[in-house]
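For reference, work27.txt is printed below; it contains compact mmCIF, C-alpha atoms and all ligand atoms.
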```txt
# COMPACT_ATOMS: atom_id res chain seq x y z
CA MET A 130 118.80 115.02 84.47
CA SER A 131 119.57 117.18 81.47
CA VAL A 132 122.48 118.67 79.62
CA LYS A 133 121.89 122.43 79.58
CA GLU A 134 124.90 123.48 77.63
CA ILE A 135 128.10 122.21 76.12
CA ALA A 136 130.99 124.37 74.97
CA VAL A 137 134.09 123.08 73.20
CA HIS A 138 137.41 124.71 72.29
CA SER A 139 139.91 123.15 69.87
CA PHE A 140 138.07 119.87 70.09
CA ARG A 141 138.16 117.70 66.91
CA ASN A 142 137.09 119.92 63.99
CA HIS A 143 135.51 122.56 66.26
CA ASP A 144 137.59 125.71 66.90
CA GLN A 145 134.83 126.86 69.19
CA ALA A 146 131.25 125.84 69.59
CA ARG A 147 128.58 126.36 72.20
CA LEU A 148 125.26 124.54 72.10
CA LYS A 149 122.35 124.94 74.51
CA PHE A 150 119.84 122.15 74.87
CA GLY A 151 116.23 122.04 75.94
CA PRO A 152 114.74 119.33 78.17
CA GLY A 153 112.87 117.73 75.23
CA VAL A 154 114.05 116.65 71.78
CA ASN A 155 117.21 118.31 70.47
CA VAL A 156 118.42 117.83 66.93
CA ILE A 157 121.94 118.53 65.69
CA TRP A 158 122.01 118.33 61.93
CA GLY A 159 124.55 118.97 59.20
CA GLY A 160 126.59 117.27 56.50
CA ASN A 161 129.12 114.51 56.99
CA GLY A 162 132.21 115.78 58.77
CA SER A 163 130.47 118.84 60.18
CA GLY A 164 131.21 117.67 63.73
CA LYS A 165 127.89 116.25 64.97
CA THR A 166 129.28 113.07 66.50
CA SER A 167 132.07 115.13 68.06
CA ILE A 168 129.51 117.14 70.04
CA LEU A 169 127.96 113.93 71.35
CA GLU A 170 131.45 112.67 72.13
CA ALA A 171 132.10 115.81 74.20
CA ILE A 172 128.92 115.22 76.24
CA TYR A 173 129.84 111.58 76.74
CA LEU A 174 133.36 112.52 77.83
CA LEU A 175 131.99 114.62 80.67
CA ALA A 176 129.53 111.90 81.65
CA TYR A 177 131.92 108.94 81.63
CA GLY A 178 135.41 110.45 81.77
CA ARG A 179 136.31 108.76 78.50
CA SER A 180 135.34 108.81 74.84
CA PHE A 181 133.13 106.30 73.06
CA ARG A 182 135.27 106.64 69.95
CA THR A 183 138.83 106.30 71.14
CA ARG A 184 140.93 105.23 74.09
CA ARG A 185 143.44 107.97 73.31
CA LEU A 186 141.96 111.23 74.44
CA LEU A 187 144.79 113.17 72.80
CA GLU A 188 143.32 112.25 69.41
CA THR A 189 140.44 114.56 70.16
CA LEU A 190 142.67 117.64 70.55
CA GLN A 191 142.38 119.66 67.37
CA ILE A 192 145.42 119.07 65.20
CA GLY A 193 148.00 121.83 65.66
CA ARG A 194 146.53 123.19 68.92
CA GLU A 195 148.16 123.45 72.35
CA GLN A 196 145.13 122.61 74.44
CA MET A 197 141.47 121.81 74.29
CA ASN A 198 138.61 122.51 76.65
CA ILE A 199 135.17 121.09 77.09
CA THR A 200 132.72 122.65 79.52
CA GLY A 201 129.31 121.21 80.26
CA ILE A 202 126.47 122.38 82.43
CA PHE A 203 124.22 119.63 83.69
CA GLU A 204 120.99 120.08 85.58
CA GLN A 205 119.57 117.81 88.24
CA GLY A 206 116.28 119.15 89.51
CA LYS A 207 117.23 122.53 90.93
CA GLU A 208 120.91 121.72 91.12
CA GLN A 209 123.47 122.51 88.46
CA ASN A 210 126.88 120.99 87.95
CA GLN A 211 129.61 122.40 85.83
CA ILE A 212 132.14 119.89 84.52
CA GLN A 213 135.24 120.81 82.60
CA LEU A 214 137.90 118.85 80.83
CA ASN A 215 141.17 120.45 80.01
CA GLN A 216 143.61 118.51 77.83
CA LEU A 217 147.10 119.72 77.01
CA HIS A 218 149.20 118.85 73.99
CA ASP A 219 151.80 117.09 76.17
CA GLY A 220 149.21 114.61 77.44
CA ARG A 221 148.35 116.22 80.78
CA LYS A 222 144.64 116.44 81.46
CA ARG A 223 142.36 117.63 84.23
CA PHE A 224 138.72 117.11 85.03
CA ILE A 225 137.14 119.88 87.08
CA LEU A 226 133.80 119.61 88.87
CA ASN A 227 132.33 122.91 90.03
CA GLU A 228 135.78 124.49 89.89
CA LYS A 229 137.48 121.73 91.93
CA PRO A 230 139.86 119.27 90.26
CA ILE A 231 138.75 115.64 90.43
CA SER A 232 140.36 112.36 89.47
CA GLY A 233 138.14 111.70 86.46
CA ALA A 234 136.14 108.64 85.49
CA ARG A 235 135.50 107.27 88.98
CA GLU A 236 133.97 110.50 90.23
CA LEU A 237 132.12 111.37 87.05
CA ILE A 238 130.47 108.09 86.21
CA GLY A 239 126.89 108.06 87.44
CA LEU A 240 126.79 111.79 88.17
CA ASN A 241 125.09 112.74 84.90
CA PRO A 242 124.02 109.51 83.27
CA VAL A 243 123.81 109.35 79.49
CA VAL A 244 122.51 106.46 77.40
CA VAL A 245 123.96 106.21 73.89
CA LEU A 246 122.38 104.62 70.86
CA SER A 247 124.52 104.60 67.78
CA PRO A 248 125.07 102.12 64.97
CA GLU A 249 128.30 101.09 66.72
CA GLU A 250 126.32 99.95 69.76
CA GLN A 251 125.16 96.99 67.73
CA ILE A 252 128.26 95.17 68.94
CA ILE A 253 126.31 94.66 72.17
CA THR A 254 124.08 92.13 70.42
CA LYS A 255 126.33 91.15 67.51
CA GLY A 256 129.81 91.25 69.00
CA ALA A 257 132.00 88.83 70.95
CA PRO A 258 131.33 87.94 74.62
CA GLY A 259 133.86 90.59 75.70
CA ASN A 260 131.75 93.33 74.11
CA ARG A 261 128.74 92.34 76.23
CA ARG A 262 130.89 92.10 79.36
CA SER A 263 132.18 95.64 78.77
CA TYR A 264 128.69 96.91 78.14
CA PHE A 265 127.19 95.47 81.30
CA ASP A 266 130.24 96.45 83.36
CA GLN A 267 129.67 100.01 82.25
CA VAL A 268 125.94 99.93 83.04
CA PHE A 269 126.58 98.49 86.50
CA SER A 270 129.34 101.04 87.11
CA VAL A 271 126.86 103.86 86.53
CA VAL A 272 124.73 102.61 89.41
CA SER A 273 127.38 101.35 91.84
CA LYS A 274 130.68 102.86 92.93
CA ALA A 275 131.37 99.63 94.81
CA TYR A 276 131.14 97.80 91.49
CA VAL A 277 133.62 100.23 89.87
CA ASP A 278 136.09 99.79 92.71
CA THR A 279 135.89 96.00 92.76
CA LEU A 280 136.24 95.84 89.01
CA VAL A 281 139.32 98.07 89.11
CA SER A 282 140.94 95.92 91.85
CA TYR A 283 140.04 92.70 90.09
CA THR A 284 141.45 93.88 86.76
CA ARG A 285 144.65 95.09 88.39
CA THR A 286 145.16 91.77 90.21
CA LEU A 287 144.40 89.83 87.04
CA LYS A 288 147.04 91.79 85.14
CA GLN A 289 149.60 91.11 87.87
CA ARG A 290 148.76 87.43 87.95
CA ASN A 291 149.00 87.21 84.16
CA ALA A 292 152.37 88.98 84.22
CA ALA A 293 153.54 86.47 86.85
CA LEU A 294 152.35 83.57 84.64
CA VAL A 295 154.56 84.82 81.84
CA ARG A 296 157.54 85.31 84.16
CA VAL A 297 157.23 81.80 85.52
CA ALA A 298 157.07 80.39 82.00
CA THR A 299 159.98 82.41 80.63
CA ASP A 300 162.28 83.32 83.56
CA ASN A 301 161.75 80.31 85.78
CA ALA A 302 160.36 82.55 88.51
CA PRO A 303 158.84 80.68 91.51
CA VAL A 304 155.23 79.55 91.19
CA SER A 305 154.39 81.36 94.44
CA MET A 306 154.64 84.59 92.43
CA ILE A 307 151.45 83.49 90.71
CA THR A 308 149.54 81.90 93.55
CA ALA A 309 150.18 84.92 95.78
CA TRP A 310 147.46 86.69 93.78
CA ASP A 311 144.85 83.93 93.96
CA ASP A 312 143.24 84.93 97.22
CA THR A 313 142.67 88.58 96.25
CA LEU A 314 141.58 87.54 92.77
CA ALA A 315 139.02 85.06 94.10
CA LYS A 316 137.68 87.49 96.71
CA ASN A 317 137.17 90.31 94.22
CA GLY A 318 135.87 87.86 91.63
CA ASN A 319 133.27 86.67 94.10
CA LYS A 320 132.12 90.24 94.79
CA ILE A 321 131.79 90.88 91.05
CA TRP A 322 129.77 87.72 90.54
CA ARG A 323 127.41 88.51 93.38
CA GLU A 324 126.72 92.00 92.04
CA ARG A 325 126.42 90.82 88.44
CA ILE A 326 123.91 88.13 89.33
CA GLN A 327 121.72 90.55 91.22
CA TYR A 328 121.94 93.30 88.59
CA ILE A 329 121.46 91.05 85.59
CA ASN A 330 118.40 89.58 87.22
CA GLU A 331 116.89 93.04 87.53
CA PHE A 332 118.02 94.10 84.08
CA SER A 333 116.54 91.00 82.55
CA GLY A 334 113.21 91.69 84.25
CA LEU A 335 113.19 95.24 82.84
CA LEU A 336 114.11 93.96 79.40
CA GLN A 337 111.24 91.48 79.37
CA LYS A 338 108.90 94.20 80.47
CA VAL A 339 109.93 96.73 77.80
CA ALA A 340 109.82 93.99 75.15
CA HIS A 341 106.30 93.17 76.24
CA ASP A 342 105.16 96.80 76.40
CA PHE A 343 106.73 98.18 73.25
CA THR A 344 106.72 95.53 70.58
CA ILE A 345 103.88 94.69 68.30
CA GLY A 346 103.31 90.97 68.22
CA ASP A 347 104.97 89.01 70.88
CA VAL A 348 108.70 89.52 71.14
CA LYS A 349 110.15 87.57 74.03
CA LEU A 350 113.63 88.55 75.06
CA CYS A 351 115.67 86.52 77.45
CA LEU A 352 118.97 87.72 78.87
CA GLN A 353 121.11 85.02 80.34
CA HIS A 354 124.28 85.46 82.35
CA THR A 355 126.51 82.44 82.82
CA PRO A 356 129.20 83.06 85.43
CA ASP A 357 132.41 81.45 84.24
CA THR A 358 133.26 79.17 87.15
CA ALA A 359 132.37 78.39 90.70
CA LEU A 360 130.79 81.07 92.78
CA THR A 361 132.31 80.57 96.18
CA ILE A 362 135.73 81.99 96.93
CA ASP A 363 137.13 78.61 97.94
CA GLU A 364 135.85 76.82 94.85
CA HIS A 365 137.28 79.51 92.63
CA LYS A 366 140.66 79.27 94.37
CA LYS A 367 140.59 75.53 93.87
CA ILE A 368 139.92 75.94 90.15
CA LEU A 369 142.73 78.49 89.87
CA GLY A 370 145.02 75.90 91.47
CA GLN A 371 143.86 73.09 89.21
CA SER A 372 144.34 75.11 86.04
CA LEU A 373 147.71 76.54 87.04
CA LYS A 374 149.66 74.47 84.49
CA ASN A 375 147.32 75.44 81.69
CA ASP A 376 147.44 79.07 82.75
CA ILE A 377 151.26 79.07 82.69
CA ARG A 378 151.26 77.49 79.25
CA ARG A 379 148.77 80.02 77.85
CA GLY A 380 150.17 83.00 79.73
CA TYR A 381 146.80 84.12 81.02
CA THR A 382 144.28 83.26 83.70
CA GLY A 383 141.63 81.05 82.14
CA SER A 384 138.87 81.35 84.73
CA GLY A 385 137.03 84.13 86.49
CA PRO A 386 134.45 86.85 85.89
CA HIS A 387 136.52 88.12 82.95
CA ARG A 388 135.29 84.99 81.14
CA ASP A 389 131.56 85.32 81.93
CA ILE A 390 129.09 84.86 79.12
CA TYR A 391 125.97 86.93 78.44
CA GLU A 392 123.52 85.60 75.88
CA ILE A 393 120.37 87.10 74.44
CA GLY A 394 117.48 84.92 73.38
CA PHE A 395 114.99 86.28 70.86
CA ASN A 396 111.75 84.30 70.85
CA GLY A 397 113.60 81.29 72.15
CA GLU A 398 116.56 81.37 69.71
CA ASP A 399 120.09 82.65 70.30
CA LEU A 400 119.97 86.14 68.77
CA ARG A 401 123.68 86.20 67.99
CA LYS A 402 123.51 83.01 65.95
CA PHE A 403 120.09 83.29 64.35
CA GLY A 404 118.96 86.91 64.59
CA SER A 405 117.99 88.89 61.49
CA GLN A 406 119.16 92.50 61.05
CA GLY A 407 115.74 93.69 62.13
CA GLU A 408 115.80 91.54 65.25
CA HIS A 409 119.21 92.90 66.22
CA LYS A 410 118.00 96.47 65.71
CA ILE A 411 114.88 96.12 67.82
CA THR A 412 116.79 94.26 70.53
CA MET A 413 119.37 97.03 70.73
CA VAL A 414 116.66 99.65 71.20
CA LEU A 415 114.94 97.53 73.86
CA ILE A 416 118.23 96.96 75.70
CA LYS A 417 118.79 100.72 75.75
CA MET A 418 115.28 101.29 77.05
CA ALA A 419 115.95 98.77 79.80
CA GLU A 420 119.27 100.53 80.51
CA ALA A 421 117.53 103.90 80.90
CA ARG A 422 115.03 102.36 83.34
CA PHE A 423 117.71 100.47 85.22
CA ILE A 424 119.68 103.69 85.73
CA ARG A 425 116.61 105.61 86.78
CA LYS A 426 115.56 102.91 89.22
CA HIS A 427 118.94 102.87 90.96
CA THR A 428 120.02 106.49 90.80
CA GLY A 429 116.67 108.28 90.67
CA LYS A 430 118.01 110.19 87.65
CA GLY A 431 116.42 110.08 84.21
CA PRO A 432 119.37 109.76 81.81
CA THR A 433 119.85 111.88 78.71
CA ILE A 434 119.42 109.76 75.59
CA ILE A 435 121.84 110.46 72.76
CA LEU A 436 121.18 109.03 69.33
CA ASP A 437 123.92 109.24 66.75
CA ASP A 438 122.93 108.80 63.10
CA LEU A 439 120.55 106.14 64.23
CA PHE A 440 117.62 106.81 61.99
CA ALA A 441 119.71 107.29 58.87
CA LYS A 442 122.04 104.32 59.30
CA LEU A 443 119.65 101.89 60.90
CA ASP A 444 116.68 102.91 58.83
CA PHE A 445 113.85 102.78 61.30
CA GLN A 446 110.58 103.42 59.50
CA ARG A 447 109.02 105.55 62.18
CA SER A 448 111.64 107.31 64.26
CA ASP A 449 109.04 109.01 66.42
CA GLN A 450 107.89 105.64 67.74
CA VAL A 451 111.44 104.74 68.73
CA LEU A 452 111.78 108.11 70.44
CA SER A 453 108.57 107.96 72.37
CA ALA A 454 109.31 104.38 73.40
CA LEU A 455 112.74 105.40 74.67
CA GLY A 456 111.34 107.91 77.06
CA LYS A 457 108.82 110.65 76.49
CA ASP A 458 110.01 112.45 79.56
CA LEU A 459 113.74 112.06 78.94
CA GLN A 460 115.94 114.65 77.31
CA THR A 461 117.01 113.40 73.89
CA ILE A 462 119.79 114.63 71.62
CA ILE A 463 119.72 113.36 68.03
CA THR A 464 122.10 113.85 65.15
CA ALA A 465 120.99 113.67 61.53
CA THR A 466 122.40 114.64 58.16
CA ASP A 467 119.04 115.74 56.89
CA ILE A 468 116.37 117.41 58.99
CA ILE A 469 113.68 116.97 56.33
CA ASP A 470 114.22 113.24 56.39
CA LEU A 471 113.93 113.25 60.17
CA GLU A 472 110.67 115.21 59.97
CA LYS A 473 109.34 112.73 57.44
CA LYS A 474 110.02 110.01 59.97
CA GLY A 475 107.92 111.85 62.50
CA VAL A 476 110.54 113.74 64.56
CA ASN A 477 109.61 117.37 64.71
CA PRO A 478 111.62 119.37 67.21
CA SER A 479 109.37 122.38 67.42
CA GLY A 480 107.97 122.22 70.95
CA SER A 481 108.96 124.78 73.55
CA ASN A 482 111.26 122.22 75.19
CA ASP A 483 112.98 121.39 71.93
CA THR A 484 115.88 122.84 69.96
CA SER A 485 117.59 122.26 66.67
CA TYR A 486 121.11 123.20 65.52
CA HIS A 487 122.59 123.23 62.10
CA LEU A 488 126.33 122.67 61.92
CA GLY A 489 127.82 124.01 58.73
CA LEU A 490 131.17 123.00 57.32
CA ASN A 491 133.68 125.80 57.70
N1 LIG B 1 141.85 115.95 66.29
C1 LIG B 1 141.23 116.45 65.22
N2 LIG B 1 141.61 117.66 64.73
C2 LIG B 1 140.97 118.20 63.66
N3 LIG B 1 139.95 117.61 63.02
C3 LIG B 1 139.54 116.41 63.47
C4 LIG B 1 140.14 115.79 64.59
N4 LIG B 1 139.51 114.60 64.80
C5 LIG B 1 138.57 114.51 63.85
N5 LIG B 1 138.57 115.59 63.06
C6 LIG B 1 137.64 115.88 61.95
O1 LIG B 1 136.44 116.30 62.49
C7 LIG B 1 135.41 116.10 61.54
C8 LIG B 1 134.10 115.89 62.29
O2 LIG B 1 133.85 114.58 62.56
P1 LIG B 1 132.44 114.08 63.11
O3 LIG B 1 132.16 114.70 64.43
O4 LIG B 1 132.52 112.61 63.05
O5 LIG B 1 131.40 114.65 62.06
P2 LIG B 1 129.92 114.15 61.71
O6 LIG B 1 129.45 113.30 62.83
O7 LIG B 1 129.14 115.43 61.57
O8 LIG B 1 130.01 113.41 60.43
C9 LIG B 1 135.89 115.02 60.61
O9 LIG B 1 135.97 115.54 59.34
C10 LIG B 1 137.27 114.68 61.13
O10 LIG B 1 138.19 114.50 60.10
MG MG B 2 128.81 111.32 62.79
```

Translate the structure described by the file into structure tokens.
Ligand SMILES: Nc1ncnc2c1ncn2[C@@H]1O[C@H](COP(=O)(O)OP(=O)(O)O)[C@@H](O)[C@H]1O
Ligand SMILES: [Mg+2]
Amino acid sequence: MSVKEIAVHSFRNHDQARLKFGPGVNVIWGGNGSGKTSILEAIYLLAYGRSFRTRRLLETLQIGREQMNITGIFEQGKEQNQIQLNQLHDGRKRFILNEKPISGARELIGLNPVVVLSPEEQIITKGAPGNRRSYFDQVFSVVSKAYVDTLVSYTRTLKQRNAALVRVATDNAPVSMITAWDDTLAKNGNKIWRERIQYINEFSGLLQKVAHDFTIGDVKLCLQHTPDTALTIDEHKKILGQSLKNDIRRGYTGSGPHRDIYEIGFNGEDLRKFGSQGEHKITMVLIKMAEARFIRKHTGKGPTIILDDLFAKLDFQRSDQVLSALGKDLQTIITATDIIDLEKKGVNPSGSNDTSYHLGLN
């Protein structure tokens, strides 16, 4: 899979920009505020149907403009897809795939997979349990539409049950308003658990393998998933019943896949508690390598790797080693403030499959 071209109109600081990418290493360089991350954001938007920077898409419309457009051309073997996003000032938006309107995220996710490495992604190893749940939910969504659909139903039911909990506590509404959701919640929860257990097992195997293959010395990574409660539908329903009083008091449902824990062990210690900066950095890169392999294994597509400010902010000594470990045969798009610095670190985008762009400040 590769991104051939991206064109933006009235998007962030870009009035208009069109960038063409080669199948190898692509560098976008320029000063702070020149719009490098925004270009990556545009690619990501067409790959996932949402931004990695904001939940409010309207923020990306250039201030003072009526509408913005992003058009991307993606290549899959001999096939090409054109994806467009059109966002109006009044909030209306449309995603268009090969000239036909589509609903958005559900249809886009997995079509042109992209793996992002940016300093912000460090929340995967450093952040709260919810950050890891979101990360793995997204990875699993790329490879399974069934997972997306179950997750959407589960989340909707959970919201309704939580709203009912509050109504029972405040308006004296009947308890049956809450328990009416338990069956659907437990059934969808069970589906999520089954998929998570299978996927995390595979992911963990890939992670151990990349850690073994790409680290000097002997880094042993262990990814552990602890499902929150019981795994059968009936046991989960029983627990929901038993914790009903507590749930009403707290105003939210205290058990289910939305409470699962993912932990990462680094040479036998909990990375989140004991990891050094360097250990977090290397683990993040290895997780992303495992992600790229996981996606390829399930979808048959080699994802595009996008690296935002990684080498500057995270200060890897030899960036070329990180790049070649990530995937020699994968398209890579890198941003940097200084191309000389990048070249010093061993990244030299001068092959026939490579490109480099300089974004100037207007
Ligand atoms: N909606 C918007 N309209 C106009 N300018 C914006 C908008 N959103 C962000 N910007 C500006 O776009 C610039 C580019 O940001 P960014 O892509 O993060 O640059 P870089 O990654 O090169 O540092 C920033 O200076 C920011 O203030
Ligand atoms: Mg940036």

Taking all atoms listed in the file into account, which residues are within 7 Å of ligand LIG 1 (chain B), as a PyMOL selection string?
chain A and resi 140-142+159-168+188-192

Next, write the just-selected residues to a file, as an mmCIF file, keeping the file's coordinate frame, keeping C-alpha atoms as the atom set.
```
data_model
loop_
_atom_site.group_PDB
_atom_site.id
_atom_site.type_symbol
_atom_site.label_atom_id
_atom_site.label_comp_id
_atom_site.auth_asym_id
_atom_site.auth_seq_id
_atom_site.Cartn_x
_atom_site.Cartn_y
_atom_site.Cartn_z
ATOM 1 C CA PHE A 140 138.070 119.870 70.090
ATOM 2 C CA ARG A 141 138.160 117.700 66.910
ATOM 3 C CA ASN A 142 137.090 119.920 63.990
ATOM 4 C CA GLY A 159 124.550 118.970 59.200
ATOM 5 C CA GLY A 160 126.590 117.270 56.500
ATOM 6 C CA ASN A 161 129.120 114.510 56.990
ATOM 7 C CA GLY A 162 132.210 115.780 58.770
ATOM 8 C CA SER A 163 130.470 118.840 60.180
ATOM 9 C CA GLY A 164 131.210 117.670 63.730
ATOM 10 C CA LYS A 165 127.890 116.250 64.970
ATOM 11 C CA THR A 166 129.280 113.070 66.500
ATOM 12 C CA SER A 167 132.070 115.130 68.060
ATOM 13 C CA ILE A 168 129.510 117.140 70.040
ATOM 14 C CA GLU A 188 143.320 112.250 69.410
ATOM 15 C CA THR A 189 140.440 114.560 70.160
ATOM 16 C CA LEU A 190 142.670 117.640 70.550
ATOM 17 C CA GLN A 191 142.380 119.660 67.370
ATOM 18 C CA ILE A 192 145.420 119.070 65.200
#
```

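Considering all atoms listed in the file, the residue among A:Thr464, A:Gln371, A:Ser273, A:Thr433 positioned nearest to ligand MG 2 (chain B) is A:Thr464.
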
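Counting only C-alpha atoms and all ligand atoms and comparing A:Leu336, A:Cys351, A:Ala292, A:Ile157, the residue that lies closest to ligand MG 2 (chain B) is A:Ile157.
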
Given the point (127.2, 102.6, 82.9) in the coordinates of this file, which residues lie within 9 Å, counting all atoms listed in the file, and how would they look as JSON, numbers by chain?
{"A": [177, 238, 239, 242, 243, 244, 264, 265, 266, 267, 268, 269, 270, 271, 272, 420, 424]}

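Remark: for Gly394 in chain A, the closest of the candidate residues A:Thr361, A:Asn482, A:Gln209, A:Ser333 is A:Ser333 (distances computed over only C-alpha atoms).
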
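Nearest-residue note for ligand MG 2 (chain B): choosing from A:Asn227, A:Asn396, A:Thr461, A:Ser247, the minimum distance belongs to A:Ser247, counting only C-alpha atoms and all ligand atoms.
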
Closest atom pairs, range 387-471 of chain A residues within 12 Å of range 257-262 of chain A, all atoms listed in the file, as a tab-separated table:
```
residue	atom	partner	partner_atom	distance
A:His387	CA	A:Arg262	CA	7.8
A:Arg388	CA	A:Gly259	CA	7.9
A:Asp389	CA	A:Arg262	CA	7.3
A:Ile390	CA	A:Pro258	CA	5.9
A:Tyr391	CA	A:Arg261	CA	6.5
A:Glu392	CA	A:Pro258	CA	8.2
A:Ile393	CA	A:Arg261	CA	10.0
A:Arg401	CA	A:Ala257	CA	9.2
A:Lys402	CA	A:Ala257	CA	11.4
A:Met413	CA	A:Arg261	CA	11.8
A:Ile416	CA	A:Arg261	CA	11.5
```

Write the selection just made, keeping C-alpha atoms, as a PDB file, keeping the file's coordinate frame?
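Written out: selection.pdb:
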```pdb
ATOM      1  CA  HIS A 387     136.520  88.120  82.950  1.00  0.00           C
ATOM      2  CA  ARG A 388     135.290  84.990  81.140  1.00  0.00           C
ATOM      3  CA  ASP A 389     131.560  85.320  81.930  1.00  0.00           C
ATOM      4  CA  ILE A 390     129.090  84.860  79.120  1.00  0.00           C
ATOM      5  CA  TYR A 391     125.970  86.930  78.440  1.00  0.00           C
ATOM      6  CA  GLU A 392     123.520  85.600  75.880  1.00  0.00           C
ATOM      7  CA  ILE A 393     120.370  87.100  74.440  1.00  0.00           C
ATOM      8  CA  ARG A 401     123.680  86.200  67.990  1.00  0.00           C
ATOM      9  CA  LYS A 402     123.510  83.010  65.950  1.00  0.00           C
ATOM     10  CA  MET A 413     119.370  97.030  70.730  1.00  0.00           C
ATOM     11  CA  ILE A 416     118.230  96.960  75.700  1.00  0.00           C
TER      12      ILE A 416
END
```

Contacts of His409 in chain A at 8 Å or less, counting only C-alpha atoms, minus same-chain residues fewer than 6 places along, as a ChimeraX atom specification?
/A:251,254-255,400

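Minimum atom-to-atom distance to ligand MG 2 (chain B), evaluated using all atoms listed in the file, belongs to A:Glu170 out of A:Thr200, A:Glu170, A:Gln337, A:Ile468.
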
As a check of understanding: the span from CA of Phe440 in chain A to CA of Asp399 in chain A is 25.7 Å

Give, as JSON, the centre coordinates and the x, y and z edge lengths in Å to one decimal for an axis-aligned box around all listed atoms of range 301-308 of chain A, padded by 5 Å on each side.
```
{"center_x": 155.6, "center_y": 82.1, "center_z": 90.1, "size_x": 22.2, "size_y": 15.0, "size_z": 18.7}
```

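Near Trp158 in chain A, within a cut-off of 6 Å and counting all atoms listed in the file, sit the residues A:Thr464, A:Ala465, A:Thr466, A:His487, with same-chain residues fewer than 5 positions away left out.
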
Go ahead and save the residues from that selection, with C-alpha atoms, as a PDB file, keeping the file's coordinate frame.
```pdb
ATOM      1  CA  THR A 464     122.100 113.850  65.150  1.00  0.00           C
ATOM      2  CA  ALA A 465     120.990 113.670  61.530  1.00  0.00           C
ATOM      3  CA  THR A 466     122.400 114.640  58.160  1.00  0.00           C
ATOM      4  CA  HIS A 487     122.590 123.230  62.100  1.00  0.00           C
TER       5      HIS A 487
END
```

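Minimum atom-to-atom distances from A:Ile202, A:Ala419, A:Leu226, A:Ile362 to Ile172 in chain A were compared using only C-alpha atoms, and the lowest value belongs to A:Ile202.
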
Excluding Thr382 in chain A and residues on its chain fewer than 3 positions from it, collect all residues at most 8 Å away from it, counting all atoms listed in the file, and give them as a ChimeraX atom specification.
/A:287,290-291,369,376,385

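In this model, the gap between CA of Met130 in chain A and CA of Gln205 in chain A comes to 4.8 Å.
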
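CA of Glu408 in chain A lies 14.8 Å from CA of Val339 in chain A.
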
Determine, counting only C-alpha atoms, which protein, DNA and RNA residues have an atom within 12 Å of an atom of Arg323 in chain A; residues of the same chain fewer than 4 positions away are not included. Present the result as an MDAnalysis selection string.
chainID A and resid 275:276 279 316:319 327:330 354 356 359:362 386
